[in-house]
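K.L.:
Below is query14.txt; it holds compact mmCIF, C-alpha atoms.
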```
# COMPACT_ATOMS: atom_id res chain seq x y z
CA MET A 1469 90.47 -86.19 -33.20
CA LYS A 1470 88.62 -82.92 -32.94
CA GLN A 1471 86.35 -82.20 -30.04
CA MET A 1472 82.71 -82.80 -30.76
CA LEU A 1473 79.71 -82.18 -28.59
CA ALA A 1474 77.70 -84.63 -30.54
CA LEU A 1475 80.25 -87.38 -30.24
CA LEU A 1476 81.46 -88.39 -26.82
CA ILE A 1477 83.90 -91.21 -26.49
CA ALA A 1478 82.87 -92.86 -23.27
CA GLY A 1479 85.53 -94.10 -20.92
CA THR A 1480 83.95 -97.32 -19.83
CA LEU A 1481 84.22 -100.80 -21.22
CA ALA A 1482 81.67 -102.17 -18.79
CA ALA A 1483 78.78 -101.89 -21.17
CA PRO A 1484 77.56 -105.08 -22.77
CA ILE A 1485 78.83 -105.53 -26.28
CA PRO A 1486 76.16 -106.45 -28.76
CA VAL A 1487 76.29 -109.74 -30.53
CA LEU A 1488 76.10 -109.59 -34.26
CA ALA A 1489 74.25 -112.19 -36.18
CA HIS A 1490 75.90 -112.29 -39.51
CA HIS A 1491 79.53 -111.49 -38.96
CA SER A 1492 81.90 -111.44 -36.05
CA PHE A 1493 82.00 -108.23 -34.02
CA ALA A 1494 85.78 -108.07 -34.08
CA ALA A 1495 85.90 -108.11 -37.87
CA GLU A 1496 84.34 -104.66 -38.04
CA PHE A 1497 83.99 -102.90 -34.69
CA ASP A 1498 86.34 -101.96 -31.89
CA ALA A 1499 85.24 -102.94 -28.38
CA ALA A 1500 87.76 -100.41 -27.05
CA LYS A 1501 86.00 -97.52 -28.80
CA PRO A 1502 82.58 -97.03 -27.20
CA VAL A 1503 80.81 -94.13 -28.79
CA THR A 1504 77.74 -91.97 -28.26
CA VAL A 1505 76.09 -90.51 -31.33
CA GLN A 1506 73.46 -87.82 -30.72
CA GLY A 1507 71.44 -86.13 -33.39
CA ALA A 1508 68.49 -86.30 -35.76
CA VAL A 1509 67.53 -89.43 -37.65
CA GLU A 1510 68.02 -88.91 -41.37
CA LYS A 1511 66.65 -92.30 -42.44
CA VAL A 1512 66.27 -95.89 -41.34
CA GLU A 1513 66.93 -98.93 -43.51
CA TRP A 1514 64.70 -101.67 -42.08
CA THR A 1515 66.55 -104.49 -43.80
CA ASN A 1516 68.28 -107.79 -43.21
CA PRO A 1517 70.77 -108.76 -42.07
CA HIS A 1518 70.93 -105.58 -40.00
CA ILE A 1519 68.97 -102.38 -39.76
CA TRP A 1520 70.94 -99.19 -40.34
CA VAL A 1521 70.08 -95.86 -38.75
CA TYR A 1522 71.57 -92.74 -40.30
CA VAL A 1523 72.00 -89.82 -37.93
CA ASP A 1524 73.03 -86.22 -38.53
CA ALA A 1525 75.08 -85.26 -35.50
CA LYS A 1526 76.30 -81.70 -34.94
CA ASP A 1527 79.74 -80.90 -33.64
CA ALA A 1528 80.62 -77.94 -31.37
CA ALA A 1529 80.84 -75.60 -34.34
CA GLY A 1530 77.43 -76.66 -35.57
CA LYS A 1531 78.81 -78.62 -38.44
CA VAL A 1532 76.73 -81.65 -39.29
CA GLU A 1533 78.39 -85.02 -39.60
CA ARG A 1534 76.51 -88.02 -40.95
CA TRP A 1535 76.78 -91.22 -38.90
CA GLN A 1536 75.55 -94.68 -39.84
CA CYS A 1537 74.82 -97.14 -37.07
CA GLU A 1538 74.09 -100.81 -37.47
CA GLY A 1539 71.49 -102.53 -35.30
CA GLY A 1540 70.03 -106.00 -35.00
CA SER A 1541 67.95 -107.66 -37.67
CA PRO A 1542 64.35 -106.61 -38.31
CA ASN A 1543 63.34 -110.09 -37.12
CA THR A 1544 64.88 -109.76 -33.68
CA LEU A 1545 63.90 -106.13 -33.27
CA ALA A 1546 60.31 -106.75 -34.39
CA ARG A 1547 60.03 -109.52 -31.81
CA GLN A 1548 61.26 -107.03 -29.21
CA GLY A 1549 58.55 -104.59 -30.17
CA TRP A 1550 60.26 -102.38 -32.73
CA SER A 1551 58.66 -101.68 -36.08
CA ARG A 1552 59.91 -100.04 -39.24
CA ASP A 1553 58.22 -96.85 -37.97
CA THR A 1554 59.76 -96.81 -34.50
CA LEU A 1555 62.33 -94.27 -35.63
CA LYS A 1556 61.28 -91.62 -38.13
CA PRO A 1557 63.27 -89.02 -40.03
CA GLY A 1558 63.78 -85.98 -37.81
CA ASP A 1559 63.52 -87.90 -34.52
CA GLN A 1560 66.19 -86.92 -32.01
CA VAL A 1561 68.10 -89.96 -30.78
CA VAL A 1562 71.09 -90.86 -28.65
CA ILE A 1563 72.80 -94.03 -29.84
CA GLU A 1564 75.26 -95.83 -27.59
CA GLY A 1565 77.52 -98.24 -29.38
CA PHE A 1566 80.97 -99.04 -30.65
CA ARG A 1567 82.86 -97.39 -33.46
CA ALA A 1568 84.07 -99.14 -36.60
CA LYS A 1569 87.73 -100.13 -36.70
CA ASN A 1570 88.26 -98.28 -39.96
CA GLY A 1571 87.65 -94.94 -38.23
CA SER A 1572 84.68 -93.96 -40.36
CA ASN A 1573 81.51 -92.51 -38.85
CA THR A 1574 80.09 -95.99 -38.49
CA CYS A 1575 78.94 -97.59 -35.28
CA ASN A 1576 77.36 -100.72 -33.95
CA SER A 1577 74.33 -99.79 -31.85
CA ARG A 1578 73.80 -101.19 -28.41
CA THR A 1579 70.93 -98.94 -27.37
CA VAL A 1580 68.92 -96.15 -28.94
CA LYS A 1581 67.38 -93.54 -26.64
CA THR A 1582 64.48 -91.69 -28.22
CA ALA A 1583 63.24 -88.14 -27.61
CA ASN A 1584 60.51 -89.38 -25.27
CA GLY A 1585 63.15 -90.92 -23.02
CA LYS A 1586 62.56 -94.51 -24.04
CA THR A 1587 65.67 -96.64 -24.35
CA LEU A 1588 65.52 -99.43 -26.90
CA PHE A 1589 67.89 -102.34 -27.07
CA ALA A 1590 69.17 -102.26 -30.60
CA GLY A 1591 71.45 -105.28 -30.87
CA SER A 1592 70.92 -108.70 -32.27
CA SER A 1593 70.63 -110.58 -29.02
CA LEU A 1594 69.63 -109.92 -25.45
CA GLY A 1595 71.28 -113.06 -24.28
CA GLN A 1596 75.01 -112.66 -24.34
CA GLU A 1597 77.73 -110.15 -23.70
CA ASN A 1598 80.60 -111.06 -25.86
CA PRO A 1599 82.75 -109.28 -28.41
CA MET B 75 59.32 -145.60 21.20
CA LYS B 76 61.47 -142.80 22.50
CA MET B 77 63.14 -140.93 19.65
CA ARG B 78 65.59 -138.87 21.67
CA SER B 79 68.78 -140.92 21.80
CA VAL B 80 71.33 -138.33 20.73
CA PRO B 81 73.87 -136.26 22.63
CA SER B 82 72.19 -133.34 24.28
CA ASN B 83 74.35 -130.78 22.44
CA ARG B 84 72.81 -131.72 19.12
CA PRO B 85 69.39 -130.42 18.07
CA SER B 86 66.94 -133.17 18.70
CA ASN B 87 65.41 -133.10 15.26
CA VAL B 88 68.67 -133.71 13.35
CA PRO B 89 68.65 -137.52 13.39
CA SER B 90 64.98 -137.55 12.55
CA LEU B 91 65.73 -135.32 9.62
CA ILE B 92 68.54 -137.59 8.51
CA VAL B 93 66.23 -140.58 8.74
CA MET B 94 63.60 -138.69 6.79
CA VAL B 95 66.04 -137.56 4.13
CA VAL B 96 67.41 -141.07 3.71
CA ALA B 97 63.91 -142.46 3.60
CA ILE B 98 62.76 -139.89 1.07
CA ALA B 99 65.87 -140.46 -1.04
CA GLY B 100 65.17 -144.18 -0.97
CA LEU B 101 61.59 -143.59 -1.95
CA ALA B 102 62.70 -141.23 -4.71
CA LEU B 103 65.10 -143.80 -6.08
CA THR B 104 62.46 -146.47 -5.94
CA ALA B 105 59.94 -144.14 -7.50
CA ALA B 106 62.28 -142.81 -10.20
CA PRO B 107 61.34 -145.18 -13.01
CA ALA B 108 57.66 -144.66 -12.38
CA ALA B 109 58.13 -140.89 -12.28
CA GLY B 110 60.20 -141.08 -15.45
CA GLN B 111 57.46 -143.03 -17.17
CA ALA B 112 54.90 -140.51 -15.99
CA ALA B 113 56.98 -137.63 -17.37
CA ALA B 114 57.60 -139.53 -20.59
CA ALA B 115 53.91 -140.08 -21.02
CA LYS B 116 53.29 -136.33 -20.95
CA ILE B 117 55.51 -135.42 -23.87
CA PRO B 118 53.96 -135.06 -27.30
CA ARG B 119 54.32 -138.12 -29.51
CA LEU B 120 53.93 -139.00 -33.15
CA ALA B 121 51.40 -141.67 -34.10
CA ASP B 122 54.20 -144.26 -34.01
CA GLY B 123 55.03 -143.35 -30.41
CA LYS B 124 58.25 -141.50 -31.15
CA PRO B 125 58.72 -138.19 -29.33
CA ASP B 126 57.23 -135.34 -31.33
CA PHE B 127 59.68 -132.46 -31.76
CA ASN B 128 57.55 -130.50 -34.23
CA GLY B 129 57.38 -126.83 -33.37
CA VAL B 130 59.03 -123.43 -33.55
CA TRP B 131 61.79 -123.29 -30.96
CA ASP B 132 63.57 -120.35 -29.40
CA ARG B 133 67.17 -121.06 -28.47
CA PRO B 134 69.99 -119.47 -26.52
CA ARG B 135 72.18 -117.28 -28.69
CA VAL B 136 75.50 -119.14 -28.64
CA ASN B 137 78.00 -116.73 -30.04
CA ASP B 138 80.79 -118.55 -28.23
CA ILE B 139 80.61 -122.28 -27.56
CA THR B 140 83.06 -122.01 -24.66
CA ARG B 141 80.70 -119.85 -22.57
CA ASP B 142 77.49 -120.22 -20.60
CA THR B 143 74.56 -118.00 -21.35
CA ASP B 144 70.96 -117.58 -20.26
CA GLY B 145 68.01 -116.29 -22.20
CA CYS B 146 66.36 -116.91 -25.52
CA GLY B 147 67.83 -115.27 -28.59
CA SER B 148 64.86 -114.43 -30.77
CA GLY B 149 63.88 -111.19 -29.07
CA ALA B 150 60.40 -112.52 -28.33
CA SER B 151 59.10 -112.99 -24.81
CA THR B 152 60.06 -116.69 -24.67
CA VAL B 153 61.84 -117.67 -21.47
CA GLY B 154 63.85 -120.63 -20.24
CA CYS B 155 66.62 -120.94 -22.85
CA LYS B 156 70.05 -121.82 -21.50
CA GLN B 157 73.50 -122.74 -22.69
CA LYS B 158 76.23 -124.56 -20.78
CA GLY B 159 79.47 -123.94 -22.61
CA ALA B 160 82.52 -126.12 -23.08
CA GLY B 161 85.06 -123.93 -21.26
CA ASP B 162 88.59 -123.72 -22.64
CA LEU B 163 89.02 -125.77 -25.78
CA PRO B 164 91.74 -128.45 -26.07
CA TYR B 165 93.49 -127.26 -29.22
CA THR B 166 95.93 -129.36 -31.18
CA ALA B 167 98.94 -127.49 -32.51
CA TRP B 168 97.20 -127.23 -35.89
CA GLY B 169 94.00 -126.04 -34.26
CA ARG B 170 95.76 -123.34 -32.27
CA GLU B 171 97.41 -122.14 -35.42
CA GLN B 172 94.02 -121.84 -37.12
CA ALA B 173 92.59 -120.00 -34.13
CA SER B 174 95.46 -117.53 -34.01
CA GLY B 175 96.04 -116.50 -37.58
CA PRO B 176 94.49 -113.72 -39.62
CA ARG B 177 91.21 -114.61 -41.24
CA PHE B 178 88.13 -113.22 -42.92
CA ASP B 179 84.63 -114.00 -41.73
CA TYR B 180 83.16 -116.03 -44.60
CA ALA B 181 79.67 -115.34 -43.23
CA ALA B 182 80.15 -111.66 -43.98
CA ARG B 183 80.06 -112.75 -47.63
CA CYS B 184 76.78 -114.51 -46.83
CA LEU B 185 78.27 -117.95 -47.28
CA PRO B 186 76.62 -120.63 -45.14
CA TRP B 187 77.23 -120.54 -41.41
CA GLY B 188 78.14 -124.19 -41.25
CA TYR B 189 76.14 -126.60 -39.15
CA THR B 190 77.17 -125.79 -35.59
CA ARG B 191 77.33 -122.03 -36.12
CA ALA B 192 73.84 -122.11 -37.62
CA MET B 193 72.74 -123.87 -34.44
CA GLY B 194 74.06 -120.97 -32.38
CA THR B 195 72.29 -118.09 -34.09
CA ALA B 196 69.82 -115.94 -32.20
CA TYR B 197 67.01 -116.79 -34.59
CA PRO B 198 64.41 -119.50 -34.01
CA ILE B 199 64.44 -122.91 -35.59
CA GLU B 200 61.43 -124.91 -36.72
CA ILE B 201 61.37 -128.70 -36.65
CA ILE B 202 59.27 -130.57 -39.16
CA GLN B 203 59.22 -134.26 -38.27
CA THR B 204 57.73 -137.36 -39.81
CA PRO B 205 58.36 -140.97 -38.78
CA LYS B 206 61.27 -141.32 -41.21
CA ARG B 207 62.68 -137.80 -41.52
CA LEU B 208 63.25 -134.68 -39.52
CA ALA B 209 64.04 -131.25 -40.96
CA TYR B 210 65.56 -128.28 -39.22
CA LEU B 211 64.31 -125.05 -40.76
CA PHE B 212 66.66 -122.25 -39.79
CA GLU B 213 65.25 -118.73 -39.83
CA SER B 214 68.76 -117.40 -40.22
CA ASN B 215 69.59 -117.47 -43.93
CA ASN B 216 66.28 -119.33 -44.41
CA VAL B 217 68.13 -122.60 -44.91
CA PHE B 218 67.13 -126.13 -44.04
CA HIS B 219 68.82 -129.39 -43.10
CA VAL B 220 67.17 -132.78 -43.52
CA ILE B 221 68.00 -135.68 -41.21
CA PRO B 222 66.87 -139.15 -42.30
CA THR B 223 65.71 -141.27 -39.35
CA ASP B 224 64.91 -144.36 -41.42
CA GLY B 225 67.91 -146.40 -40.35
CA ARG B 226 70.31 -145.44 -43.10
CA LYS B 227 73.96 -144.96 -42.24
CA LEU B 228 76.16 -141.96 -42.87
CA PRO B 229 77.60 -142.13 -46.38
CA GLU B 230 81.30 -142.77 -46.80
CA GLY B 231 83.44 -140.67 -49.10
CA ALA B 232 80.73 -138.28 -50.22
CA ASP B 233 81.63 -134.78 -51.35
CA PRO B 234 82.16 -132.43 -48.43
CA LEU B 235 79.39 -129.95 -47.60
CA TRP B 236 78.90 -126.76 -45.62
CA LEU B 237 76.24 -128.39 -43.43
CA GLY B 238 77.47 -131.97 -43.70
CA ARG B 239 75.29 -135.06 -43.91
CA SER B 240 73.29 -136.43 -41.04
CA ALA B 241 71.72 -139.66 -39.89
CA GLY B 242 69.35 -139.82 -36.95
CA ARG B 243 68.19 -142.62 -34.71
CA TYR B 244 66.00 -142.85 -31.63
CA GLU B 245 67.46 -144.13 -28.39
CA GLY B 246 64.32 -144.36 -26.26
CA ASP B 247 62.88 -140.85 -26.27
CA THR B 248 66.15 -139.22 -27.31
CA LEU B 249 66.84 -138.45 -30.95
CA VAL B 250 70.54 -138.90 -31.68
CA ILE B 251 71.80 -137.15 -34.82
CA GLU B 252 75.29 -137.75 -36.13
CA THR B 253 76.69 -135.46 -38.79
CA THR B 254 79.93 -135.70 -40.77
CA GLY B 255 81.13 -134.81 -44.25
CA PHE B 256 81.96 -131.18 -43.55
CA ASN B 257 84.07 -129.07 -45.85
CA GLY B 258 86.30 -127.60 -43.13
CA GLN B 259 85.52 -124.06 -44.30
CA THR B 260 83.43 -123.03 -41.32
CA TRP B 261 83.88 -121.98 -37.73
CA LEU B 262 82.11 -123.74 -34.89
CA ASP B 263 80.66 -120.39 -33.77
CA THR B 264 80.78 -116.66 -34.42
CA ALA B 265 83.61 -116.33 -31.90
CA GLU B 266 85.71 -117.93 -34.64
CA HIS B 267 86.59 -121.28 -33.10
CA PRO B 268 87.95 -123.26 -36.05
CA SER B 269 87.01 -126.67 -37.39
CA SER B 270 88.29 -129.04 -40.03
CA ASP B 271 86.91 -131.59 -42.46
CA GLN B 272 87.35 -134.18 -39.69
CA LEU B 273 84.56 -132.61 -37.66
CA ARG B 274 81.93 -134.98 -36.34
CA VAL B 275 78.90 -133.55 -34.59
CA THR B 276 76.61 -135.61 -32.37
CA GLU B 277 73.37 -134.01 -31.22
CA ARG B 278 71.07 -135.50 -28.63
CA LEU B 279 67.59 -134.02 -28.52
CA ARG B 280 64.99 -134.90 -25.92
CA HIS B 281 61.96 -133.42 -24.26
CA ILE B 282 62.28 -132.00 -20.77
CA ASP B 283 58.56 -131.31 -20.90
CA VAL B 284 56.05 -130.34 -23.57
CA ASP B 285 57.54 -126.91 -24.13
CA HIS B 286 61.26 -127.45 -23.46
CA LEU B 287 63.90 -129.54 -25.20
CA GLU B 288 67.35 -130.45 -24.02
CA TYR B 289 69.84 -130.13 -26.86
CA GLU B 290 73.25 -131.63 -26.21
CA VAL B 291 75.88 -131.29 -28.89
CA THR B 292 79.27 -133.02 -28.86
CA PHE B 293 82.06 -131.73 -31.07
CA GLU B 294 84.78 -134.15 -32.20
CA ASP B 295 87.48 -132.90 -34.51
CA PRO B 296 90.79 -134.68 -33.89
CA LYS B 297 92.65 -132.46 -36.35
CA THR B 298 91.67 -129.29 -34.48
CA TYR B 299 91.00 -130.46 -30.90
CA SER B 300 92.73 -133.18 -28.90
CA LYS B 301 89.52 -134.45 -27.31
CA PRO B 302 85.75 -134.08 -27.71
CA PHE B 303 83.79 -131.43 -25.85
CA LYS B 304 80.15 -130.53 -25.59
CA ASN B 305 77.51 -127.89 -25.03
CA THR B 306 74.18 -128.50 -23.32
CA ARG B 307 71.32 -126.18 -24.17
CA ILE B 308 67.65 -125.74 -23.40
CA TRP B 309 65.30 -124.73 -26.18
CA SER B 310 61.87 -123.24 -25.41
CA ARG B 311 58.78 -123.53 -27.55
CA MET B 312 57.70 -120.18 -28.96
CA LYS B 313 54.23 -118.93 -28.21
CA PRO B 314 51.31 -119.87 -30.49
CA GLY B 315 51.25 -117.66 -33.55
CA GLU B 316 54.98 -116.93 -33.51
CA GLU B 317 56.40 -118.15 -36.79
CA LEU B 318 59.70 -118.11 -38.64
CA MET B 319 60.36 -114.95 -40.62
CA GLU B 320 62.26 -114.10 -43.78
CA TRP B 321 65.96 -113.44 -43.33
CA TRP B 322 68.23 -112.60 -46.22
CA CYS B 323 71.88 -111.96 -45.68
CA MET B 324 72.54 -110.05 -48.90
CA GLU B 325 69.54 -107.72 -48.78
CA ASN B 326 71.54 -104.87 -47.31
CA ASN B 327 74.98 -106.24 -46.58
CA LYS B 328 76.63 -102.85 -46.13
CA ASP B 329 79.33 -104.37 -43.95
CA LEU B 330 80.74 -106.19 -46.94
CA LEU B 331 79.63 -104.06 -49.87
CA GLU B 332 81.01 -100.85 -48.39
CA GLY B 333 84.23 -102.42 -47.17
CA LEU B 334 83.48 -101.92 -43.48
CA ILE B 335 84.65 -105.37 -42.53
CA SER B 336 88.32 -105.94 -42.14
CA PRO B 337 89.56 -108.40 -44.79
CA THR B 338 91.74 -109.99 -42.15
CA HIS B 339 92.04 -109.67 -38.44
CA VAL B 340 93.61 -111.66 -35.67
CA ASN B 341 91.91 -113.06 -32.61
CA GLN B 342 93.70 -114.87 -29.84
CA PRO B 343 92.31 -118.28 -28.94
```
Rewrite the structure from the file as structure tokens, please.
P.N.:
Amino acid sequence: MKQMLALLIAGTLAAPIPVLAHHSFAAEFDAAKPVTVQGAVEKVEWTNPHIWVYVDAKDAAGKVERWQCEGGSPNTLARQGWSRDTLKPGDQVVIEGFRAKNGSNTCNSRTVKTANGKTLFAGSSLGQENP
Amino acid sequence: MKMRSVPSNRPSNVPSLIVMVVAIAGLALTAAPAAGQAAAAKIPRLADGKPDFNGVWDRPRVNDITRDTDGCGSGASTVGCKQKGAGDLPYTAWGREQASGPRFDYAARCLPWGYTRAMGTAYPIEIIQTPKRLAYLFESNNVFHVIPTDGRKLPEGADPLWLGRSAGRYEGDTLVIETTGFNGQTWLDTAEHPSSDQLRVTERLRHIDVDHLEYEVTFEDPKTYSKPFKNTRIWSRMKPGEELMEWWCMENNKDLLEGLISPTHVNQP
């Protein structure tokens, strides 16, 4: 895989793995592939069963790659203090998560760090660490 | 009376403490029924005296019934939810085969969770209770399950269902709900522990206090597991004004519609 500044494969498995609500984690994502996606928000789909955040991340050559990262449900996130306007197009974000097994630019979000330094839990549940 | 009658190398207050502890324990045992009655009197009750479980309840997210977990799943500020898991499960040969083979998560297609998996979601549950019926309203998938508590028995030979059929009865202040008639198409949890059409679920629900319920669930499935096992959970009442929300699985099910989910994958039990 080519080197990317925007995409850093982290070397740790210690991070909590988010719990998905509507399908098993292992059916889609790889707990052995933690990923960091950094770039500008293109759009947010504030929808059930999961929100999706689309991010344009630049590689070392400046080429933009579109990523799509799944989060928790609007219900859970709203109860945690998110709203549909928490992330807006153009916002710079750093998403920590796990990459899809199929190798596409798809990830499951664990946290989203915003430009003002706030880190938001983005998963479906605060309660359990379990793939 | 002189209290000091112990060897000099022992702190003088030890026997007194022992006497006190024994005395207090004796008092506690004597006082237990009265204390129990006092606690029972404080729980909310229906007009007929039955414990009143009406409310919106936050629950521990139980992704995996074998494990313990703390914390409430809804994302709100509710505290106090807990889950005591079952530990390693006693598979039969058939059960282990089910737990080991390739499979597709039916819930990714937005089919029903099944009863016990629905009970483990992160989302709150509302209980609507009358003297002769109780309904679980699940935020997840916005589905419901009605439990008659009017003395009827579980039906024999009825068509199998995703959520089964239930009958409830009160044993003192505990509501005991037995559910059978499952279709065998569901997992016990999102960690993919299998079940069969022989599954029998027994739930015991009681008040710990006004705002906390103990939820004990026993799983019996002789085709899949060689003996019963259970989980014990604590549910916490959500704060006033916090209500169930809409939740639709197919609204934006990209995981399925864009082929992101593996059609089959293998987990080890």
K.L.:
Check the smallest atom-to-atom distance from each of B:Leu273, B:Met193, B:Ala181, B:Val291 to chain A using only C-alpha atoms, then report the winner.
P.N.:
B:Ala181
K.L.:
Separation of CA of Ala182 (chain B) and CA of Val1562 (chain A), in Å?
P.N.:
27.4 Å
K.L.:
Which one of B:Asn215, B:Thr204, B:Gln172, B:Ser270 sits closest to chain A if you count all atoms listed in the file?
P.N.:
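Smallest separation from chain A among the options: B:Asn215.
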K.L.:
Just the residues within 9 Å of region 1546-1554 of chain A, please, counting only C-alpha atoms, with nothing from its chain fewer than 3 positions along; format it as a ChimeraX atom specification.
P.N.:
/A:1512-1514,1541-1543,1588-1589 /B:148-151
K.L.:
So the first atom is CA of Gly246 (chain B) and the second is CA of Leu262 (chain B); what is the distance between them in Å, to one decimal place?
P.N.:
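About the pair CA of Gly246 (chain B) and CA of Leu262 (chain B): they are 28.6 Å apart.
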K.L.:
Identify which of the residues A:Asp1559, A:Glu1538, A:Glu1510, A:Asp1527 lies closest to chain B, counting all atoms listed in the file when measuring atom-to-atom distances.
P.N.:
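When distances to chain B are compared using all atoms listed in the file, the smallest one comes from A:Glu1538.
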K.L.:
Point out the residue among A:Cys1537, A:Val1503, A:Val1523, A:Val1509 with the least atom-to-atom distance to chain B, counting all atoms listed in the file.
P.N.:
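Comparing A:Cys1537, A:Val1503, A:Val1523, A:Val1509 against chain B, the winner is A:Cys1537.
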K.L.:
Compute the chain B side of the contact with chain A at 7 Å, counting all atoms listed in the file, and hand it back as number ranges by chain.
P.N.:
B: 134-135, 143-150, 179, 181-182, 195-196, 264-265, 319, 321-323, 325-327, 334-336, 339
K.L.:
Just want the 9 Å neighbourhood of Trp168 (chain B), counted on only C-alpha atoms, with same-chain residues fewer than 2 positions away dropped. Output as a tab-separated table (two decimals) with C-alpha atoms, keeping the file's coordinate frame.
P.N.:
```tsv
chain	number	residue	atom	x	y	z
B	165	TYR	CA	93.49	-127.26	-29.22
B	166	THR	CA	95.93	-129.36	-31.18
B	170	ARG	CA	95.76	-123.34	-32.27
B	171	GLU	CA	97.41	-122.14	-35.42
B	172	GLN	CA	94.02	-121.84	-37.12
B	173	ALA	CA	92.59	-120.00	-34.13
B	297	LYS	CA	92.65	-132.46	-36.35
B	298	THR	CA	91.67	-129.29	-34.48
B	299	TYR	CA	91.00	-130.46	-30.90
```
K.L.:
Tell me, in Å to one decimal, how far CA of Leu331 (chain B) is from CA of Ala1590 (chain A).
P.N.:
22.0 Å
K.L.:
Show which residues sit within 10 Å of region 313-317 of chain B, as an MDAnalysis selection string. Count all atoms listed in the file, and ignore same-chain residues fewer than 5 positions away.
P.N.:
(chainID A and resid 1547) or (chainID B and resid 129:132 150:152 198:200 213 285)
K.L.:
For Pro125 (chain B), please output as a compact mmCIF listing (two decimals) with C-alpha atoms, in the frame of the given file all residues within 12 Å (counting all atoms listed in the file; exclusion window: fewer than 3 positions along the same chain).
P.N.:
```txt
# COMPACT_ATOMS: atom_id res chain seq x y z
CA ALA B 114 57.60 -139.53 -20.59
CA ALA B 115 53.91 -140.08 -21.02
CA LYS B 116 53.29 -136.33 -20.95
CA ILE B 117 55.51 -135.42 -23.87
CA PRO B 118 53.96 -135.06 -27.30
CA ARG B 119 54.32 -138.12 -29.51
CA LEU B 120 53.93 -139.00 -33.15
CA ALA B 121 51.40 -141.67 -34.10
CA ASP B 122 54.20 -144.26 -34.01
CA ASN B 128 57.55 -130.50 -34.23
CA GLN B 203 59.22 -134.26 -38.27
CA THR B 204 57.73 -137.36 -39.81
CA PRO B 205 58.36 -140.97 -38.78
CA LEU B 208 63.25 -134.68 -39.52
CA ARG B 243 68.19 -142.62 -34.71
CA TYR B 244 66.00 -142.85 -31.63
CA GLU B 245 67.46 -144.13 -28.39
CA GLY B 246 64.32 -144.36 -26.26
CA ASP B 247 62.88 -140.85 -26.27
CA THR B 248 66.15 -139.22 -27.31
CA LEU B 249 66.84 -138.45 -30.95
CA LEU B 279 67.59 -134.02 -28.52
CA ARG B 280 64.99 -134.90 -25.92
CA HIS B 281 61.96 -133.42 -24.26
CA ILE B 282 62.28 -132.00 -20.77
CA ASP B 283 58.56 -131.31 -20.90
CA VAL B 284 56.05 -130.34 -23.57
CA LEU B 287 63.90 -129.54 -25.20
```
K.L.:
Please identify all polymer residues within 8 Å of Trp1535 (chain A), counting all atoms listed in the file, omitting same-chain residues fewer than 5 positions from it, and present them as a PyMOL selection string.
P.N.:
chain A and resi 1505+1522-1525+1573-1575
